[in-house]
Amino acid sequence: MDASALRRIRAAAVLLQRDISASGMPWRVSVDIVQAGGNYLVLVDGQFWGGVGVVLEGADERCAVWEIADATQSTIMETRHVVWPDCPTHARGLHLWPENRGADWEGNPFGTHAWPVWRCREESGHVFGRVGALRYPPD
Ligand SMILES: [Zn+2]
């Protein structure tokens, strides 16, 4: 990973930290190098490590945000045993989804060239907020 990709990955972690803080949770997320040449992981609260073995590439800003959002959500589920983030209206977990894609969308999110949003699947689905711009309560 070159220096610019690492900057994109770290900037994405800052966006995810905003979402965590907006949700009222105390967790801290950061990114560290595990192995020179490519393996990175998400660190939550300095106590738990996640995303081990996941290669974060940060090919562009959007990809970096997808990668860190996915790694952060997985790490929180694995280490805190909670679903994060959640939709307070429906008391359900939110899913990463490409912006401006409907409920029937299928495919590889990295191929959409869309920014990731947090989407609830209840009541035929609704977007709760863009990754990095979560608000509780939503707008
Ligand atoms: Zn909902």
# chains A, B, ... in the order shown; residues from 1 in each chain; ligands from 1
call {"tool": "residues_around", "arguments": {"residues": "Glu123 of chain A", "least_positions_apart": "4", "cutoff": "12 Å", "atoms": "only C-alpha atoms", "output": "list in words"}}
result
Cys87, Thr89, His90, Arg92, Ala103, Arg119 and Val127 of chain A
call {"tool": "write_last_selection", "arguments": {"atoms": "N, CA and C atoms", "output": "PDB file, in the first residue's frame"}}
result
ATOM      1  N   CYS A  87     -31.114   1.121  13.465  1.00  0.00           N
ATOM      2  CA  CYS A  87     -32.199   2.045  13.145  1.00  0.00           C
ATOM      3  C   CYS A  87     -33.082   2.137  14.381  1.00  0.00           C
ATOM      4  N   THR A  89     -35.862   3.588  14.830  1.00  0.00           N
ATOM      5  CA  THR A  89     -37.286   3.477  14.518  1.00  0.00           C
ATOM      6  C   THR A  89     -37.729   2.018  14.507  1.00  0.00           C
ATOM      7  N   HIS A  90     -36.890   1.165  13.941  1.00  0.00           N
ATOM      8  CA  HIS A  90     -37.276  -0.233  13.769  1.00  0.00           C
ATOM      9  C   HIS A  90     -36.501  -1.193  14.661  1.00  0.00           C
ATOM     10  N   ARG A  92     -33.565  -2.309  14.402  1.00  0.00           N
ATOM     11  CA  ARG A  92     -32.881  -3.286  13.547  1.00  0.00           C
ATOM     12  C   ARG A  92     -31.519  -2.756  13.146  1.00  0.00           C
ATOM     13  N   ALA A 103     -33.933  -1.530  -3.107  1.00  0.00           N
ATOM     14  CA  ALA A 103     -33.899  -2.722  -2.267  1.00  0.00           C
ATOM     15  C   ALA A 103     -33.527  -3.967  -3.054  1.00  0.00           C
ATOM     16  N   ARG A 119     -28.316   1.435   5.494  1.00  0.00           N
ATOM     17  CA  ARG A 119     -29.680   1.208   5.046  1.00  0.00           C
ATOM     18  C   ARG A 119     -30.389   0.225   5.960  1.00  0.00           C
ATOM     19  N   VAL A 127     -33.004   4.549   3.649  1.00  0.00           N
ATOM     20  CA  VAL A 127     -31.636   4.964   3.943  1.00  0.00           C
ATOM     21  C   VAL A 127     -31.651   5.762   5.230  1.00  0.00           C
TER      22      VAL A 127
END
call {"tool": "closest_atom_pairs", "arguments": {"of": "chain A", "to": "ligand 1", "cutoff": "12 Å", "atoms": "only C-alpha atoms and all ligand atoms", "output": "Markdown table"}}
result
| residue | atom | partner | partner_atom_place_in_ligand_line | distance |
| --- | --- | --- | --- | --- |
| A:Pro85 | CA | ligand 1 | 1 (Zn) | 11.0 |
| A:Asp86 | CA | ligand 1 | 1 (Zn) | 8.0 |
| A:Cys87 | CA | ligand 1 | 1 (Zn) | 4.7 |
| A:Pro88 | CA | ligand 1 | 1 (Zn) | 6.8 |
| A:Thr89 | CA | ligand 1 | 1 (Zn) | 5.3 |
| A:His90 | CA | ligand 1 | 1 (Zn) | 4.5 |
| A:Ala91 | CA | ligand 1 | 1 (Zn) | 7.1 |
| A:Arg92 | CA | ligand 1 | 1 (Zn) | 6.5 |
| A:Gly93 | CA | ligand 1 | 1 (Zn) | 8.2 |
| A:Leu94 | CA | ligand 1 | 1 (Zn) | 7.7 |
| A:His95 | CA | ligand 1 | 1 (Zn) | 10.4 |
| A:Trp118 | CA | ligand 1 | 1 (Zn) | 10.0 |
| A:Arg119 | CA | ligand 1 | 1 (Zn) | 7.7 |
| A:Cys120 | CA | ligand 1 | 1 (Zn) | 4.5 |
| A:Arg121 | CA | ligand 1 | 1 (Zn) | 6.5 |
| A:Glu122 | CA | ligand 1 | 1 (Zn) | 5.3 |
| A:Glu123 | CA | ligand 1 | 1 (Zn) | 7.3 |
| A:Ser124 | CA | ligand 1 | 1 (Zn) | 9.3 |
| A:Gly125 | CA | ligand 1 | 1 (Zn) | 7.0 |
| A:His126 | CA | ligand 1 | 1 (Zn) | 6.3 |
| A:Val127 | CA | ligand 1 | 1 (Zn) | 8.0 |
| A:Phe128 | CA | ligand 1 | 1 (Zn) | 7.1 |
| A:Gly129 | CA | ligand 1 | 1 (Zn) | 10.9 |
| A:Pro137 | CA | ligand 1 | 1 (Zn) | 11.6 |
| A:Pro138 | CA | ligand 1 | 1 (Zn) | 10.5 |
call {"tool": "write_last_selection", "arguments": {"atoms": "C-alpha atoms", "output": "PDB file, in the first residue's frame"}}
result
ATOM      1  CA  PRO A  85     -25.266   0.867  13.724  1.00  0.00           C
ATOM      2  CA  ASP A  86     -28.975   0.437  14.309  1.00  0.00           C
ATOM      3  CA  CYS A  87     -32.199   2.045  13.145  1.00  0.00           C
ATOM      4  CA  PRO A  88     -33.924   3.390  16.265  1.00  0.00           C
ATOM      5  CA  THR A  89     -37.286   3.477  14.518  1.00  0.00           C
ATOM      6  CA  HIS A  90     -37.276  -0.233  13.769  1.00  0.00           C
ATOM      7  CA  ALA A  91     -34.751  -1.507  16.329  1.00  0.00           C
ATOM      8  CA  ARG A  92     -32.881  -3.286  13.547  1.00  0.00           C
ATOM      9  CA  GLY A  93     -29.306  -3.292  12.366  1.00  0.00           C
ATOM     10  CA  LEU A  94     -28.347  -1.184   9.382  1.00  0.00           C
ATOM     11  CA  HIS A  95     -26.637  -2.576   6.306  1.00  0.00           C
ATOM     12  CA  TRP A 118     -26.408   2.797   6.089  1.00  0.00           C
ATOM     13  CA  ARG A 119     -29.680   1.208   5.046  1.00  0.00           C
ATOM     14  CA  CYS A 120     -32.497  -0.337   7.092  1.00  0.00           C
ATOM     15  CA  ARG A 121     -34.393  -3.228   5.502  1.00  0.00           C
ATOM     16  CA  GLU A 122     -37.682  -2.695   7.345  1.00  0.00           C
ATOM     17  CA  GLU A 123     -40.808  -1.370   5.612  1.00  0.00           C
ATOM     18  CA  SER A 124     -39.357  -2.024   2.140  1.00  0.00           C
ATOM     19  CA  GLY A 125     -36.171  -0.302   3.182  1.00  0.00           C
ATOM     20  CA  HIS A 126     -34.985   3.206   3.886  1.00  0.00           C
ATOM     21  CA  VAL A 127     -31.636   4.964   3.943  1.00  0.00           C
ATOM     22  CA  PHE A 128     -30.728   6.041   7.449  1.00  0.00           C
ATOM     23  CA  GLY A 129     -27.695   8.086   6.466  1.00  0.00           C
ATOM     24  CA  PRO A 137     -32.167  11.134  15.295  1.00  0.00           C
ATOM     25  CA  PRO A 138     -31.936  11.168  11.487  1.00  0.00           C
TER      26      PRO A 138
END
call {"tool": "select_by_dssp", "arguments": {"residues": "segment 57-139 of chain A", "states": "strand (DSSP E)", "output": "PDB file with N, CA and C atoms, in the first residue's frame"}}
result
ATOM      1  N   ASP A  86     -27.599   0.914  14.337  1.00  0.00           N
ATOM      2  CA  ASP A  86     -28.975   0.437  14.309  1.00  0.00           C
ATOM      3  C   ASP A  86     -29.934   1.549  13.899  1.00  0.00           C
ATOM      4  N   CYS A  87     -31.114   1.121  13.465  1.00  0.00           N
ATOM      5  CA  CYS A  87     -32.199   2.045  13.145  1.00  0.00           C
ATOM      6  C   CYS A  87     -33.082   2.137  14.381  1.00  0.00           C
ATOM      7  N   ARG A  92     -33.565  -2.309  14.402  1.00  0.00           N
ATOM      8  CA  ARG A  92     -32.881  -3.286  13.547  1.00  0.00           C
ATOM      9  C   ARG A  92     -31.519  -2.756  13.146  1.00  0.00           C
ATOM     10  N   GLY A  93     -30.619  -3.684  12.842  1.00  0.00           N
ATOM     11  CA  GLY A  93     -29.306  -3.292  12.366  1.00  0.00           C
ATOM     12  C   GLY A  93     -29.368  -2.701  10.970  1.00  0.00           C
ATOM     13  N   HIS A  95     -27.509  -1.870   7.248  1.00  0.00           N
ATOM     14  CA  HIS A  95     -26.637  -2.576   6.306  1.00  0.00           C
ATOM     15  C   HIS A  95     -25.951  -1.573   5.391  1.00  0.00           C
ATOM     16  N   LEU A  96     -24.710  -1.886   5.039  1.00  0.00           N
ATOM     17  CA  LEU A  96     -24.022  -1.069   4.044  1.00  0.00           C
ATOM     18  C   LEU A  96     -24.670  -1.293   2.689  1.00  0.00           C
ATOM     19  N   TRP A  97     -24.855  -0.191   1.984  1.00  0.00           N
ATOM     20  CA  TRP A  97     -25.577  -0.270   0.715  1.00  0.00           C
ATOM     21  C   TRP A  97     -25.081   0.847  -0.195  1.00  0.00           C
ATOM     22  N   PRO A  98     -25.049   0.628  -1.491  1.00  0.00           N
ATOM     23  CA  PRO A  98     -24.640   1.720  -2.373  1.00  0.00           C
ATOM     24  C   PRO A  98     -25.722   2.800  -2.454  1.00  0.00           C
ATOM     25  N   PRO A 116     -21.114   4.572   0.041  1.00  0.00           N
ATOM     26  CA  PRO A 116     -21.908   3.678   0.893  1.00  0.00           C
ATOM     27  C   PRO A 116     -22.830   4.456   1.840  1.00  0.00           C
ATOM     28  N   VAL A 117     -24.011   3.906   2.018  1.00  0.00           N
ATOM     29  CA  VAL A 117     -24.965   4.450   2.983  1.00  0.00           C
ATOM     30  C   VAL A 117     -25.321   3.336   3.971  1.00  0.00           C
ATOM     31  N   TRP A 118     -25.865   3.745   5.109  1.00  0.00           N
ATOM     32  CA  TRP A 118     -26.408   2.797   6.089  1.00  0.00           C
ATOM     33  C   TRP A 118     -27.897   2.656   5.797  1.00  0.00           C
ATOM     34  N   ARG A 119     -28.316   1.435   5.494  1.00  0.00           N
ATOM     35  CA  ARG A 119     -29.680   1.208   5.046  1.00  0.00           C
ATOM     36  C   ARG A 119     -30.389   0.225   5.960  1.00  0.00           C
ATOM     37  N   CYS A 120     -31.633   0.543   6.305  1.00  0.00           N
ATOM     38  CA  CYS A 120     -32.497  -0.337   7.092  1.00  0.00           C
ATOM     39  C   CYS A 120     -33.370  -1.125   6.118  1.00  0.00           C
ATOM     40  N   HIS A 126     -35.204   1.761   3.938  1.00  0.00           N
ATOM     41  CA  HIS A 126     -34.985   3.206   3.886  1.00  0.00           C
ATOM     42  C   HIS A 126     -33.528   3.489   4.229  1.00  0.00           C
ATOM     43  N   VAL A 127     -33.004   4.549   3.649  1.00  0.00           N
ATOM     44  CA  VAL A 127     -31.636   4.964   3.943  1.00  0.00           C
ATOM     45  C   VAL A 127     -31.651   5.762   5.230  1.00  0.00           C
ATOM     46  N   PHE A 128     -30.807   5.337   6.170  1.00  0.00           N
ATOM     47  CA  PHE A 128     -30.728   6.041   7.449  1.00  0.00           C
ATOM     48  C   PHE A 128     -29.742   7.203   7.356  1.00  0.00           C
ATOM     49  N   GLY A 129     -28.663   7.003   6.630  1.00  0.00           N
ATOM     50  CA  GLY A 129     -27.695   8.086   6.466  1.00  0.00           C
ATOM     51  C   GLY A 129     -26.483   7.623   5.683  1.00  0.00           C
ATOM     52  N   ARG A 130     -25.746   8.582   5.148  1.00  0.00           N
ATOM     53  CA  ARG A 130     -24.496   8.250   4.449  1.00  0.00           C
ATOM     54  C   ARG A 130     -23.458   7.847   5.475  1.00  0.00           C
TER      55      ARG A 130
END
call {"tool": "residues_around", "arguments": {"residues": "Ser23 of chain A", "least_positions_apart": "6", "cutoff": "8 Å", "atoms": "only C-alpha atoms", "output": "list of chain:residue names"}}
result
A:Pro85, A:Leu134, A:Arg135, A:Tyr136
call {"tool": "atom_distance", "arguments": {"atom1": "atom CA of Gly24 of chain A", "atom2": "atom CA of His81 of chain A"}}
result
16.5 Å
call {"tool": "closest_residue", "arguments": {"among": "A:Arg28, A:Ala5, A:Gly132, A:Thr112", "to": "Glu61 of chain A", "atoms": "only C-alpha atoms"}}
result
A:Ala5
